[in-house]
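Just below is one structure, and these are the notes that go with it.
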Amino acid sequence: MDIAAVARALAPSIRSRSDEIERNRTLPADLAATMARTGLFRTLLPRRLGGLECAPLDALASMEAIGEADASAGWCTMIGATAGMSAAWLDPEVAAAIHSSPEVVTGGVFAPIGRAVVDGDAYVVDGRWPWFSGHAHCAWLSGGCVVVENGAPRMLPNGAPDARMVFFPASEGTRLDGWHVSGLCGTGSGEVEVRALRVPRERSVSLIVDAPRETGPLYRMPPFGLLAQGIAFVMLGNARAAIDDLVALASSKRPQGSRRTLAERAGAQAELARAEAALRSASAYCVDAVGTAWSRALGGDPPGLRERAALRLSATSATRTAADVARAMYDLGGGSSVFESSPLQRRFRDAHVGTQHAMVAPPTLELAGRVLMGVPTDATLL
């Protein structure tokens, strides 16, 4: 299946519903169901479980295409796909039970905000996780927890707390609507809470300590690197749409006091050219970093430290470049950009919320810089 072509075919109908997605602050149920049926949430899910197990660049291209149509829909695509990837670390029988239908969508928050108290062959879980994107259309959820044993956090050899993601049916969590934000409004990224929820130990994974159960090359790729790249590709799609929206506006817009259209003004032409070059350069760096890491994985080896650092660095750089491009297009649009009827204001807002994700935040630059400098680095989250 050419999943990127599937995404491009669905994109116009998604874009036509952008106002509805924004207004409802979540994906409409019928649209989420359509996206699930087409496989957009299954690009990184093991083939054995009904997934597509795509090559990374194919999966990322589908996220980019949906992000170009609507950044919130693209973000939900990315979250569903990357959450599905974690099934490769689960006990095979547990993973099969969770993904019992090809239309099952999963979501998760990796941050270890919850507590998982060891109780025999289970964990007793308490947690309240923010930023739970797309939880309204998910059948199963996972939340990061610090493991507590004998009354204290269990520690790893590197001195960090032992953190695991626990999986539970969405019906066992309480959804809390706190998603009133400036951008990516349609992702429905509210909170999910559980209290004293008993979760069998086999329904948990550590992407840091555990090894994947699946043997395909996709699962030699670093999951955090692919998550960061997913964010970047959604934001690259959003910025591409901002350029297209500006070009569509420029042929008819005459800035106040000017006889020439925006398209005829030299300054606008130069600014557009700079934005185009910056966006293509950022995209090329991501494609190169993913391609290099994927070549290592195809050859039977996990990507090395420098390849993993390049995945994170290129993703952070691309996400921030995409935000700069969206801002530049917003500025070029002038007063027209501030109206709700202008797609440029939404592209601007969505871009700048995308930059706030921890996977592409400024500390990523420090982490990559340490690797480039040859300074000893805790690469756990690379």
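Here's how to read the names in the structure tokens: chain A, B, ... by the order shown, residue numbers from 1 in each chain, ligand numbers from 1 in the order shown.
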Can you pull out every residue within 12 Å of Glu214 of chain A, counting only C-alpha atoms, but drop anything in the same chain fewer than 4 positions away, and send it as a JSON list (two decimals) with N, CA, C and O atoms, in the first residue's frame?
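This is the output file part01.json:
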```
[["chain", "number", "residue", "atom", "x", "y", "z"],
["A", 44, "LEU", "N", 3.16, 2.27, 11.68],
["A", 44, "LEU", "CA", 4.31, 1.77, 12.42],
["A", 44, "LEU", "C", 3.96, 0.55, 13.27],
["A", 44, "LEU", "O", 4.82, 0.05, 14.01],
["A", 45, "LEU", "N", 2.75, 0.06, 13.14],
["A", 45, "LEU", "CA", 2.30, -1.13, 13.86],
["A", 45, "LEU", "C", 2.84, -2.39, 13.18],
["A", 45, "LEU", "O", 2.86, -2.47, 11.95],
["A", 46, "PRO", "N", 3.30, -3.39, 13.96],
["A", 46, "PRO", "CA", 3.80, -4.62, 13.34],
["A", 46, "PRO", "C", 2.79, -5.27, 12.39],
["A", 46, "PRO", "O", 1.59, -5.30, 12.68],
["A", 47, "ARG", "N", 3.29, -5.77, 11.30],
["A", 47, "ARG", "CA", 2.45, -6.42, 10.29],
["A", 47, "ARG", "C", 1.70, -7.61, 10.89],
["A", 47, "ARG", "O", 0.55, -7.87, 10.53],
["A", 48, "ARG", "N", 2.34, -8.30, 11.81],
["A", 48, "ARG", "CA", 1.71, -9.46, 12.44],
["A", 48, "ARG", "C", 0.42, -9.09, 13.17],
["A", 48, "ARG", "O", -0.47, -9.92, 13.35],
["A", 49, "LEU", "N", 0.30, -7.84, 13.56],
["A", 49, "LEU", "CA", -0.86, -7.36, 14.31],
["A", 49, "LEU", "C", -1.86, -6.63, 13.41],
["A", 49, "LEU", "O", -2.77, -5.97, 13.90],
["A", 53, "GLU", "N", 3.57, -1.70, 9.03],
["A", 53, "GLU", "CA", 5.02, -1.82, 9.25],
["A", 53, "GLU", "C", 5.80, -1.15, 8.11],
["A", 53, "GLU", "O", 6.66, -1.75, 7.47],
["A", 85, "MET", "N", 3.45, 1.83, 17.45],
["A", 85, "MET", "CA", 4.79, 1.23, 17.35],
["A", 85, "MET", "C", 5.17, 0.51, 18.64],
["A", 85, "MET", "O", 5.89, -0.50, 18.61],
["A", 86, "SER", "N", 4.70, 1.00, 19.79],
["A", 86, "SER", "CA", 5.08, 0.41, 21.07],
["A", 86, "SER", "C", 4.57, -1.01, 21.22],
["A", 86, "SER", "O", 5.07, -1.76, 22.07],
["A", 87, "ALA", "N", 3.62, -1.44, 20.39],
["A", 87, "ALA", "CA", 3.14, -2.82, 20.44],
["A", 87, "ALA", "C", 4.25, -3.81, 20.15],
["A", 87, "ALA", "O", 4.20, -4.97, 20.58],
["A", 88, "ALA", "N", 5.29, -3.37, 19.45],
["A", 88, "ALA", "CA", 6.42, -4.25, 19.13],
["A", 88, "ALA", "C", 7.21, -4.63, 20.38],
["A", 88, "ALA", "O", 7.97, -5.60, 20.35],
["A", 89, "TRP", "N", 7.03, -3.91, 21.48],
["A", 89, "TRP", "CA", 7.73, -4.19, 22.74],
["A", 89, "TRP", "C", 6.88, -5.02, 23.69],
["A", 89, "TRP", "O", 7.37, -5.53, 24.68],
["A", 90, "LEU", "N", 5.59, -5.15, 23.39],
["A", 90, "LEU", "CA", 4.67, -5.87, 24.27],
["A", 90, "LEU", "C", 4.77, -7.37, 24.09],
["A", 90, "LEU", "O", 5.18, -7.86, 23.03],
["A", 91, "ASP", "N", 4.35, -8.10, 25.12],
["A", 91, "ASP", "CA", 4.15, -9.54, 24.98],
["A", 91, "ASP", "C", 3.24, -9.77, 23.76],
["A", 91, "ASP", "O", 2.21, -9.11, 23.62],
["A", 92, "PRO", "N", 3.61, -10.69, 22.85],
["A", 92, "PRO", "CA", 2.84, -10.86, 21.61],
["A", 92, "PRO", "C", 1.35, -11.14, 21.84],
["A", 92, "PRO", "O", 0.51, -10.64, 21.09],
["A", 95, "ALA", "N", -0.27, -7.86, 22.93],
["A", 95, "ALA", "CA", -0.36, -6.96, 21.79],
["A", 95, "ALA", "C", -1.49, -7.37, 20.85],
["A", 95, "ALA", "O", -2.24, -6.52, 20.34],
["A", 210, "ASP", "N", 13.54, -2.55, 28.01],
["A", 210, "ASP", "CA", 13.12, -3.76, 27.29],
["A", 210, "ASP", "C", 13.62, -3.76, 25.86],
["A", 210, "ASP", "O", 13.85, -2.69, 25.26],
["A", 218, "LEU", "N", 12.24, -2.12, 11.19],
["A", 218, "LEU", "CA", 11.58, -0.92, 11.72],
["A", 218, "LEU", "C", 11.81, -0.80, 13.21],
["A", 218, "LEU", "O", 11.94, 0.31, 13.75],
["A", 219, "TYR", "N", 11.88, -1.94, 13.92],
["A", 219, "TYR", "CA", 11.96, -1.91, 15.37],
["A", 219, "TYR", "C", 13.41, -1.89, 15.87],
["A", 219, "TYR", "O", 13.66, -1.99, 17.08],
["A", 220, "ARG", "N", 14.34, -1.72, 14.92],
["A", 220, "ARG", "CA", 15.71, -1.35, 15.29],
["A", 220, "ARG", "C", 15.86, 0.16, 15.31],
["A", 220, "ARG", "O", 16.87, 0.69, 15.79],
["A", 221, "MET", "N", 14.90, 0.86, 14.74],
["A", 221, "MET", "CA", 14.94, 2.33, 14.74],
["A", 221, "MET", "C", 14.62, 2.85, 16.14],
["A", 221, "MET", "O", 13.76, 2.29, 16.84]]
```
Item to complete: Tell me, as an MDAnalysis selection string, which residues lie within 9 Å of Ala59 of chain A, counting only C-alpha atoms; anything in the same chain fewer than 2 positions away does not count.
Response: chainID A and resid 3:4 40 43:44 53:57 61:64 78 81 230
Worksheet item: Got a sec: who's within 10 Å of Phe41 of chain A, counting only C-alpha atoms, leaving out chain neighbours fewer than 6 positions off, as a list in words?
Response: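 Here the answer would be Ala32, Met35, Gly51, Leu52, Ala59, Ser62, Met63, Cys76, Thr77, Met78, Ile79, Gly80, Ala81, Thr82, Ala83, Gly84, Met85, Pro102, Glu103, Val104, Val105, Thr106 and Gly107 of chain A.
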Worksheet entry | Straight-line distance linking atom CA of Asp301 of chain A with atom CA of Val287 of chain A, stated in Å to one decimal |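 We find that atom CA of Asp301 of chain A and atom CA of Val287 of chain A lie 19.2 Å from each other.
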Practice prompt. Tell me, as number ranges by chain, which residues lie within 12 Å of Val117 of chain A, counting only C-alpha atoms; anything in the same chain fewer than 4 positions away does not count.
Written response: A: 121-127, 145-154, 162-164, 166, 195-201
Residues flagged helix (DSSP H, G or I) by DSSP in segment 160-276 of chain A, as a short mmCIF file (atom, residue, chain, number, x, y, z; two decimals) with all heavy atoms, in the first residue's frame:
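Output file states03.cif is given in full below:
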```cif
data_model
loop_
_atom_site.label_atom_id
_atom_site.label_comp_id
_atom_site.auth_asym_id
_atom_site.auth_seq_id
_atom_site.Cartn_x
_atom_site.Cartn_y
_atom_site.Cartn_z
N ALA A 170 -9.38 2.39 27.17
CA ALA A 170 -9.73 3.80 27.34
C ALA A 170 -10.92 3.98 28.28
O ALA A 170 -11.01 4.98 29.00
CB ALA A 170 -10.02 4.42 25.98
N SER A 171 -11.82 3.00 28.31
CA SER A 171 -13.00 3.09 29.17
C SER A 171 -12.65 3.06 30.65
O SER A 171 -13.47 3.45 31.49
CB SER A 171 -13.96 1.93 28.85
OG SER A 171 -13.32 0.69 29.06
N GLU A 172 -11.43 2.61 30.99
CA GLU A 172 -11.02 2.56 32.39
C GLU A 172 -10.35 3.84 32.86
O GLU A 172 -9.99 3.97 34.04
CB GLU A 172 -10.08 1.37 32.62
CG GLU A 172 -10.78 0.02 32.41
CD GLU A 172 -9.87 -1.16 32.66
OE1 GLU A 172 -8.66 -0.94 32.91
OE2 GLU A 172 -10.36 -2.30 32.60
N CYS A 185 -5.63 23.12 18.12
CA CYS A 185 -6.84 23.03 18.94
C CYS A 185 -7.61 21.74 18.70
O CYS A 185 -8.24 21.20 19.60
CB CYS A 185 -7.76 24.22 18.64
SG CYS A 185 -7.01 25.82 19.00
N GLY A 186 -7.56 21.23 17.47
CA GLY A 186 -8.36 20.07 17.11
C GLY A 186 -7.77 18.73 17.50
O GLY A 186 -8.32 17.69 17.12
N THR A 187 -6.66 18.73 18.25
CA THR A 187 -6.04 17.45 18.63
C THR A 187 -6.71 16.81 19.84
O THR A 187 -6.42 15.66 20.17
CB THR A 187 -4.55 17.62 18.95
OG1 THR A 187 -4.40 18.54 20.04
CG2 THR A 187 -3.79 18.16 17.73
N ARG A 201 1.21 -6.94 34.92
CA ARG A 201 2.57 -6.52 34.57
C ARG A 201 2.87 -6.71 33.08
O ARG A 201 3.61 -5.92 32.49
CB ARG A 201 3.60 -7.30 35.39
CG ARG A 201 3.68 -6.88 36.85
CD ARG A 201 5.08 -7.19 37.37
NE ARG A 201 5.08 -7.39 38.81
CZ ARG A 201 6.18 -7.48 39.54
NH1 ARG A 201 7.36 -7.45 38.95
NH2 ARG A 201 6.12 -7.65 40.84
N GLU A 202 2.29 -7.77 32.49
CA GLU A 202 2.57 -8.02 31.07
C GLU A 202 1.95 -6.95 30.17
O GLU A 202 2.26 -6.89 28.98
CB GLU A 202 2.09 -9.41 30.66
CG GLU A 202 0.60 -9.64 30.78
CD GLU A 202 0.21 -10.27 32.12
OE1 GLU A 202 0.99 -10.12 33.09
OE2 GLU A 202 -0.87 -10.88 32.18
N ARG A 203 1.11 -6.10 30.74
CA ARG A 203 0.56 -4.99 29.96
C ARG A 203 1.36 -3.72 30.22
O ARG A 203 0.84 -2.63 30.37
CB ARG A 203 -0.90 -4.76 30.31
CG ARG A 203 -1.84 -5.45 29.32
CD ARG A 203 -3.16 -4.70 29.26
NE ARG A 203 -4.16 -5.33 30.08
CZ ARG A 203 -4.96 -4.68 30.93
NH1 ARG A 203 -4.84 -3.38 31.10
NH2 ARG A 203 -5.85 -5.33 31.64
N PRO A 217 13.27 -4.68 10.71
CA PRO A 217 14.20 -3.54 10.80
C PRO A 217 13.55 -2.28 11.36
O PRO A 217 14.24 -1.45 11.96
CB PRO A 217 14.66 -3.34 9.36
CG PRO A 217 13.64 -4.01 8.51
CD PRO A 217 13.13 -5.17 9.32
N LEU A 218 12.24 -2.12 11.19
CA LEU A 218 11.58 -0.92 11.72
C LEU A 218 11.81 -0.80 13.21
O LEU A 218 11.94 0.31 13.75
CB LEU A 218 10.08 -0.97 11.40
CG LEU A 218 9.25 0.20 11.93
CD1 LEU A 218 9.73 1.52 11.34
CD2 LEU A 218 7.77 0.00 11.61
N TYR A 219 11.88 -1.94 13.92
CA TYR A 219 11.96 -1.91 15.37
C TYR A 219 13.41 -1.89 15.87
O TYR A 219 13.66 -1.99 17.08
CB TYR A 219 11.13 -3.07 15.94
CG TYR A 219 9.74 -2.98 15.35
CD1 TYR A 219 9.31 -3.91 14.41
CD2 TYR A 219 8.92 -1.89 15.63
CE1 TYR A 219 8.07 -3.78 13.81
CE2 TYR A 219 7.68 -1.75 15.03
CZ TYR A 219 7.26 -2.69 14.12
OH TYR A 219 6.03 -2.54 13.50
N ARG A 220 14.34 -1.72 14.92
CA ARG A 220 15.71 -1.35 15.29
C ARG A 220 15.86 0.16 15.31
O ARG A 220 16.87 0.69 15.79
CB ARG A 220 16.71 -1.96 14.31
CG ARG A 220 16.73 -3.47 14.31
CD ARG A 220 17.83 -4.05 13.42
NE ARG A 220 17.54 -5.45 13.14
CZ ARG A 220 17.21 -5.94 11.95
NH1 ARG A 220 17.17 -5.14 10.90
NH2 ARG A 220 16.94 -7.22 11.80
N PRO A 223 12.72 4.61 18.88
CA PRO A 223 11.34 5.12 18.91
C PRO A 223 11.23 6.60 19.20
O PRO A 223 10.36 7.28 18.65
CB PRO A 223 10.67 4.27 20.01
CG PRO A 223 11.80 3.71 20.81
CD PRO A 223 12.95 3.56 19.89
N PHE A 224 12.15 7.14 20.04
CA PHE A 224 12.08 8.57 20.33
C PHE A 224 12.49 9.39 19.11
O PHE A 224 11.95 10.46 18.85
CB PHE A 224 12.95 8.91 21.54
CG PHE A 224 12.54 8.18 22.78
CD1 PHE A 224 13.42 7.31 23.40
CD2 PHE A 224 11.28 8.35 23.32
CE1 PHE A 224 13.04 6.62 24.55
CE2 PHE A 224 10.89 7.67 24.46
CZ PHE A 224 11.78 6.79 25.07
N GLY A 225 13.45 8.87 18.36
CA GLY A 225 13.83 9.54 17.12
C GLY A 225 12.70 9.59 16.12
O GLY A 225 12.47 10.60 15.46
N LEU A 226 11.95 8.48 15.99
CA LEU A 226 10.82 8.47 15.06
C LEU A 226 9.69 9.37 15.55
O LEU A 226 9.01 10.01 14.74
CB LEU A 226 10.32 7.04 14.85
CG LEU A 226 11.17 6.17 13.93
CD1 LEU A 226 10.51 4.80 13.73
CD2 LEU A 226 11.39 6.84 12.57
N LEU A 227 9.47 9.41 16.85
CA LEU A 227 8.46 10.33 17.39
C LEU A 227 8.82 11.77 17.04
O LEU A 227 7.98 12.55 16.57
CB LEU A 227 8.34 10.15 18.90
CG LEU A 227 7.47 11.17 19.64
CD1 LEU A 227 6.05 11.19 19.09
CD2 LEU A 227 7.47 10.88 21.14
N ALA A 228 10.08 12.14 17.27
CA ALA A 228 10.51 13.51 16.96
C ALA A 228 10.36 13.80 15.46
O ALA A 228 9.92 14.89 15.07
CB ALA A 228 11.96 13.70 17.40
N GLN A 229 10.73 12.83 14.63
CA GLN A 229 10.58 13.02 13.19
C GLN A 229 9.10 13.16 12.80
O GLN A 229 8.77 13.93 11.90
CB GLN A 229 11.23 11.86 12.44
CG GLN A 229 12.74 11.87 12.46
CD GLN A 229 13.33 13.01 11.66
OE1 GLN A 229 12.75 13.47 10.67
NE2 GLN A 229 14.51 13.48 12.06
N GLY A 230 8.23 12.41 13.47
CA GLY A 230 6.80 12.55 13.19
C GLY A 230 6.31 13.97 13.44
O GLY A 230 5.55 14.54 12.64
N ILE A 231 6.73 14.54 14.56
CA ILE A 231 6.38 15.93 14.86
C ILE A 231 6.89 16.85 13.75
O ILE A 231 6.16 17.71 13.25
CB ILE A 231 6.97 16.34 16.21
CG1 ILE A 231 6.34 15.53 17.34
CG2 ILE A 231 6.79 17.84 16.46
CD1 ILE A 231 7.07 15.63 18.67
N ALA A 232 8.15 16.65 13.38
CA ALA A 232 8.76 17.51 12.36
C ALA A 232 8.01 17.42 11.03
O ALA A 232 7.74 18.45 10.39
CB ALA A 232 10.23 17.12 12.17
N PHE A 233 7.66 16.23 10.60
CA PHE A 233 7.01 16.09 9.30
C PHE A 233 5.61 16.69 9.31
O PHE A 233 5.17 17.26 8.30
CB PHE A 233 7.00 14.62 8.86
CG PHE A 233 8.25 14.23 8.11
CD1 PHE A 233 9.43 13.94 8.79
CD2 PHE A 233 8.25 14.17 6.73
CE1 PHE A 233 10.59 13.59 8.11
CE2 PHE A 233 9.41 13.83 6.03
CZ PHE A 233 10.58 13.53 6.72
N VAL A 234 4.89 16.58 10.41
CA VAL A 234 3.59 17.25 10.49
C VAL A 234 3.77 18.75 10.37
O VAL A 234 3.03 19.44 9.64
CB VAL A 234 2.88 16.89 11.82
CG1 VAL A 234 1.62 17.75 12.00
CG2 VAL A 234 2.51 15.41 11.84
N MET A 235 4.78 19.29 11.05
CA MET A 235 5.02 20.72 11.01
C MET A 235 5.55 21.17 9.65
O MET A 235 5.26 22.28 9.19
CB MET A 235 5.98 21.12 12.12
CG MET A 235 5.40 20.97 13.53
SD MET A 235 3.98 22.08 13.84
CE MET A 235 2.60 20.94 13.72
N LEU A 236 6.34 20.33 8.98
CA LEU A 236 6.76 20.65 7.61
C LEU A 236 5.56 20.73 6.68
O LEU A 236 5.49 21.61 5.82
CB LEU A 236 7.75 19.59 7.11
CG LEU A 236 9.16 19.60 7.74
CD1 LEU A 236 9.92 18.34 7.36
CD2 LEU A 236 9.94 20.85 7.32
N GLY A 237 4.61 19.82 6.85
CA GLY A 237 3.40 19.89 6.05
C GLY A 237 2.60 21.14 6.32
O GLY A 237 2.08 21.79 5.40
N ASN A 238 2.50 21.51 7.59
CA ASN A 238 1.79 22.74 7.97
C ASN A 238 2.44 23.97 7.34
O ASN A 238 1.76 24.86 6.82
CB ASN A 238 1.79 22.86 9.49
CG ASN A 238 1.04 24.07 10.00
OD1 ASN A 238 -0.16 24.19 9.83
ND2 ASN A 238 1.76 24.99 10.63
N ALA A 239 3.77 24.02 7.36
CA ALA A 239 4.49 25.16 6.77
C ALA A 239 4.34 25.19 5.26
O ALA A 239 4.22 26.27 4.66
CB ALA A 239 5.96 25.11 7.16
N ARG A 240 4.35 24.01 4.63
CA ARG A 240 4.13 23.96 3.18
C ARG A 240 2.77 24.55 2.83
O ARG A 240 2.64 25.32 1.87
CB ARG A 240 4.24 22.50 2.72
CG ARG A 240 3.75 22.22 1.29
CD ARG A 240 4.43 23.07 0.24
NE ARG A 240 5.88 22.93 0.32
CZ ARG A 240 6.73 23.81 -0.20
NH1 ARG A 240 6.27 24.91 -0.80
NH2 ARG A 240 8.03 23.64 -0.11
N ALA A 241 1.77 24.22 3.61
CA ALA A 241 0.44 24.76 3.35
C ALA A 241 0.41 26.27 3.57
O ALA A 241 -0.29 26.99 2.84
CB ALA A 241 -0.59 24.09 4.26
N ALA A 242 1.18 26.77 4.55
CA ALA A 242 1.23 28.21 4.78
C ALA A 242 1.81 28.93 3.56
O ALA A 242 1.32 29.99 3.16
CB ALA A 242 2.07 28.52 6.02
N ILE A 243 2.85 28.35 2.96
CA ILE A 243 3.40 28.94 1.73
C ILE A 243 2.36 28.94 0.62
O ILE A 243 2.15 29.94 -0.07
CB ILE A 243 4.66 28.16 1.29
CG1 ILE A 243 5.83 28.48 2.24
CG2 ILE A 243 5.04 28.51 -0.15
CD1 ILE A 243 7.10 27.73 1.93
N ASP A 244 1.67 27.82 0.44
CA ASP A 244 0.64 27.73 -0.60
C ASP A 244 -0.49 28.73 -0.35
O ASP A 244 -1.00 29.35 -1.29
CB ASP A 244 0.08 26.31 -0.67
CG ASP A 244 1.11 25.30 -1.17
OD1 ASP A 244 2.14 25.72 -1.73
OD2 ASP A 244 0.87 24.09 -0.98
N ASP A 245 -0.87 28.88 0.90
CA ASP A 245 -1.95 29.83 1.24
C ASP A 245 -1.52 31.26 0.94
O ASP A 245 -2.31 32.07 0.46
CB ASP A 245 -2.33 29.70 2.71
CG ASP A 245 -3.02 28.38 3.03
OD1 ASP A 245 -3.58 27.76 2.10
OD2 ASP A 245 -2.98 27.95 4.21
N LEU A 246 -0.27 31.57 1.23
CA LEU A 246 0.23 32.92 0.95
C LEU A 246 0.27 33.19 -0.55
O LEU A 246 -0.14 34.26 -1.01
CB LEU A 246 1.62 33.10 1.59
CG LEU A 246 2.28 34.49 1.56
CD1 LEU A 246 2.93 34.80 0.23
CD2 LEU A 246 1.28 35.59 1.94
N VAL A 247 0.74 32.22 -1.31
CA VAL A 247 0.80 32.38 -2.77
C VAL A 247 -0.60 32.59 -3.34
O VAL A 247 -0.82 33.44 -4.22
CB VAL A 247 1.48 31.16 -3.42
CG1 VAL A 247 1.33 31.19 -4.94
CG2 VAL A 247 2.96 31.12 -3.04
N ALA A 248 -1.57 31.86 -2.83
CA ALA A 248 -2.95 32.02 -3.30
C ALA A 248 -3.48 33.42 -2.98
O ALA A 248 -4.21 34.02 -3.78
CB ALA A 248 -3.84 30.95 -2.67
N LEU A 249 -3.10 33.94 -1.83
CA LEU A 249 -3.54 35.29 -1.44
C LEU A 249 -2.82 36.37 -2.23
O LEU A 249 -3.42 37.40 -2.60
CB LEU A 249 -3.26 35.48 0.06
CG LEU A 249 -3.50 36.87 0.65
CD1 LEU A 249 -4.99 37.21 0.65
CD2 LEU A 249 -2.93 36.94 2.07
N ALA A 250 -1.55 36.16 -2.53
CA ALA A 250 -0.68 37.21 -3.08
C ALA A 250 -1.11 37.69 -4.45
O ALA A 250 -0.86 38.85 -4.82
CB ALA A 250 0.77 36.72 -3.14
N LEU A 262 0.56 41.88 -3.98
CA LEU A 262 1.63 41.35 -3.14
C LEU A 262 2.59 40.49 -3.98
O LEU A 262 3.81 40.53 -3.79
CB LEU A 262 1.04 40.53 -2.00
CG LEU A 262 1.99 39.99 -0.94
CD1 LEU A 262 2.72 41.12 -0.22
CD2 LEU A 262 1.22 39.12 0.07
N ALA A 263 2.04 39.76 -4.92
CA ALA A 263 2.86 38.88 -5.76
C ALA A 263 3.84 39.67 -6.63
O ALA A 263 4.87 39.13 -7.06
CB ALA A 263 1.97 38.02 -6.64
N GLU A 264 3.52 40.93 -6.89
CA GLU A 264 4.36 41.76 -7.76
C GLU A 264 5.43 42.54 -7.00
O GLU A 264 6.27 43.19 -7.60
CB GLU A 264 3.49 42.74 -8.55
CG GLU A 264 2.54 42.06 -9.53
CD GLU A 264 1.50 43.00 -10.11
OE1 GLU A 264 1.03 43.90 -9.37
OE2 GLU A 264 1.17 42.85 -11.30
N ALA A 266 8.78 43.10 -4.91
CA ALA A 266 10.08 42.43 -4.84
C ALA A 266 10.38 41.89 -3.44
O ALA A 266 10.93 40.79 -3.28
CB ALA A 266 11.18 43.40 -5.28
N GLY A 267 10.03 42.67 -2.43
CA GLY A 267 10.29 42.22 -1.07
C GLY A 267 9.55 40.94 -0.74
O GLY A 267 10.11 40.03 -0.10
N ALA A 268 8.30 40.85 -1.17
CA ALA A 268 7.51 39.64 -0.92
C ALA A 268 8.08 38.46 -1.69
O ALA A 268 8.13 37.33 -1.19
CB ALA A 268 6.06 39.89 -1.30
N GLN A 269 8.51 38.72 -2.91
CA GLN A 269 9.10 37.65 -3.72
C GLN A 269 10.34 37.08 -3.05
O GLN A 269 10.54 35.86 -2.98
CB GLN A 269 9.44 38.18 -5.11
CG GLN A 269 8.22 38.60 -5.93
CD GLN A 269 8.58 39.52 -7.09
OE1 GLN A 269 9.76 39.87 -7.28
NE2 GLN A 269 7.58 39.94 -7.85
N ALA A 270 11.21 37.96 -2.55
CA ALA A 270 12.44 37.52 -1.90
C ALA A 270 12.15 36.77 -0.61
O ALA A 270 12.78 35.74 -0.31
CB ALA A 270 13.34 38.73 -1.62
N GLU A 271 11.19 37.26 0.17
CA GLU A 271 10.85 36.60 1.43
C GLU A 271 10.27 35.21 1.17
O GLU A 271 10.59 34.24 1.87
CB GLU A 271 9.83 37.44 2.21
CG GLU A 271 9.51 36.90 3.60
CD GLU A 271 10.70 36.92 4.55
OE1 GLU A 271 11.66 37.67 4.32
OE2 GLU A 271 10.66 36.16 5.53
N LEU A 272 9.43 35.10 0.15
CA LEU A 272 8.88 33.80 -0.21
C LEU A 272 9.99 32.84 -0.64
O LEU A 272 10.00 31.66 -0.26
CB LEU A 272 7.85 33.96 -1.34
CG LEU A 272 7.22 32.66 -1.86
CD1 LEU A 272 6.38 32.00 -0.78
CD2 LEU A 272 6.38 32.92 -3.10
N ALA A 273 10.93 33.34 -1.43
CA ALA A 273 12.04 32.49 -1.89
C ALA A 273 12.88 32.01 -0.71
O ALA A 273 13.29 30.83 -0.66
CB ALA A 273 12.91 33.26 -2.88
N ARG A 274 13.14 32.90 0.25
CA ARG A 274 13.91 32.49 1.43
C ARG A 274 13.16 31.40 2.21
O ARG A 274 13.77 30.43 2.68
CB ARG A 274 14.17 33.70 2.33
CG ARG A 274 15.34 34.57 1.87
CD ARG A 274 15.71 35.58 2.94
NE ARG A 274 14.71 36.62 3.08
CZ ARG A 274 14.73 37.78 2.41
NH1 ARG A 274 15.72 38.05 1.57
NH2 ARG A 274 13.78 38.68 2.58
N ALA A 275 11.86 31.58 2.35
CA ALA A 275 11.07 30.59 3.08
C ALA A 275 11.07 29.24 2.36
O ALA A 275 11.20 28.19 3.00
CB ALA A 275 9.63 31.09 3.25
N GLU A 276 10.93 29.28 1.05
CA GLU A 276 10.94 28.04 0.27
C GLU A 276 12.27 27.31 0.43
O GLU A 276 12.31 26.08 0.64
CB GLU A 276 10.68 28.36 -1.20
CG GLU A 276 10.66 27.15 -2.13
CD GLU A 276 9.43 26.28 -1.96
OE1 GLU A 276 8.41 26.77 -1.43
OE2 GLU A 276 9.47 25.11 -2.37
#
```
Discussion item. Using only C-alpha atoms, can you tell me which of A:Ala368, A:Ala351, A:Leu60, A:Leu381 comes closest to Gly291 of chain A?
Written reply: A:Leu60
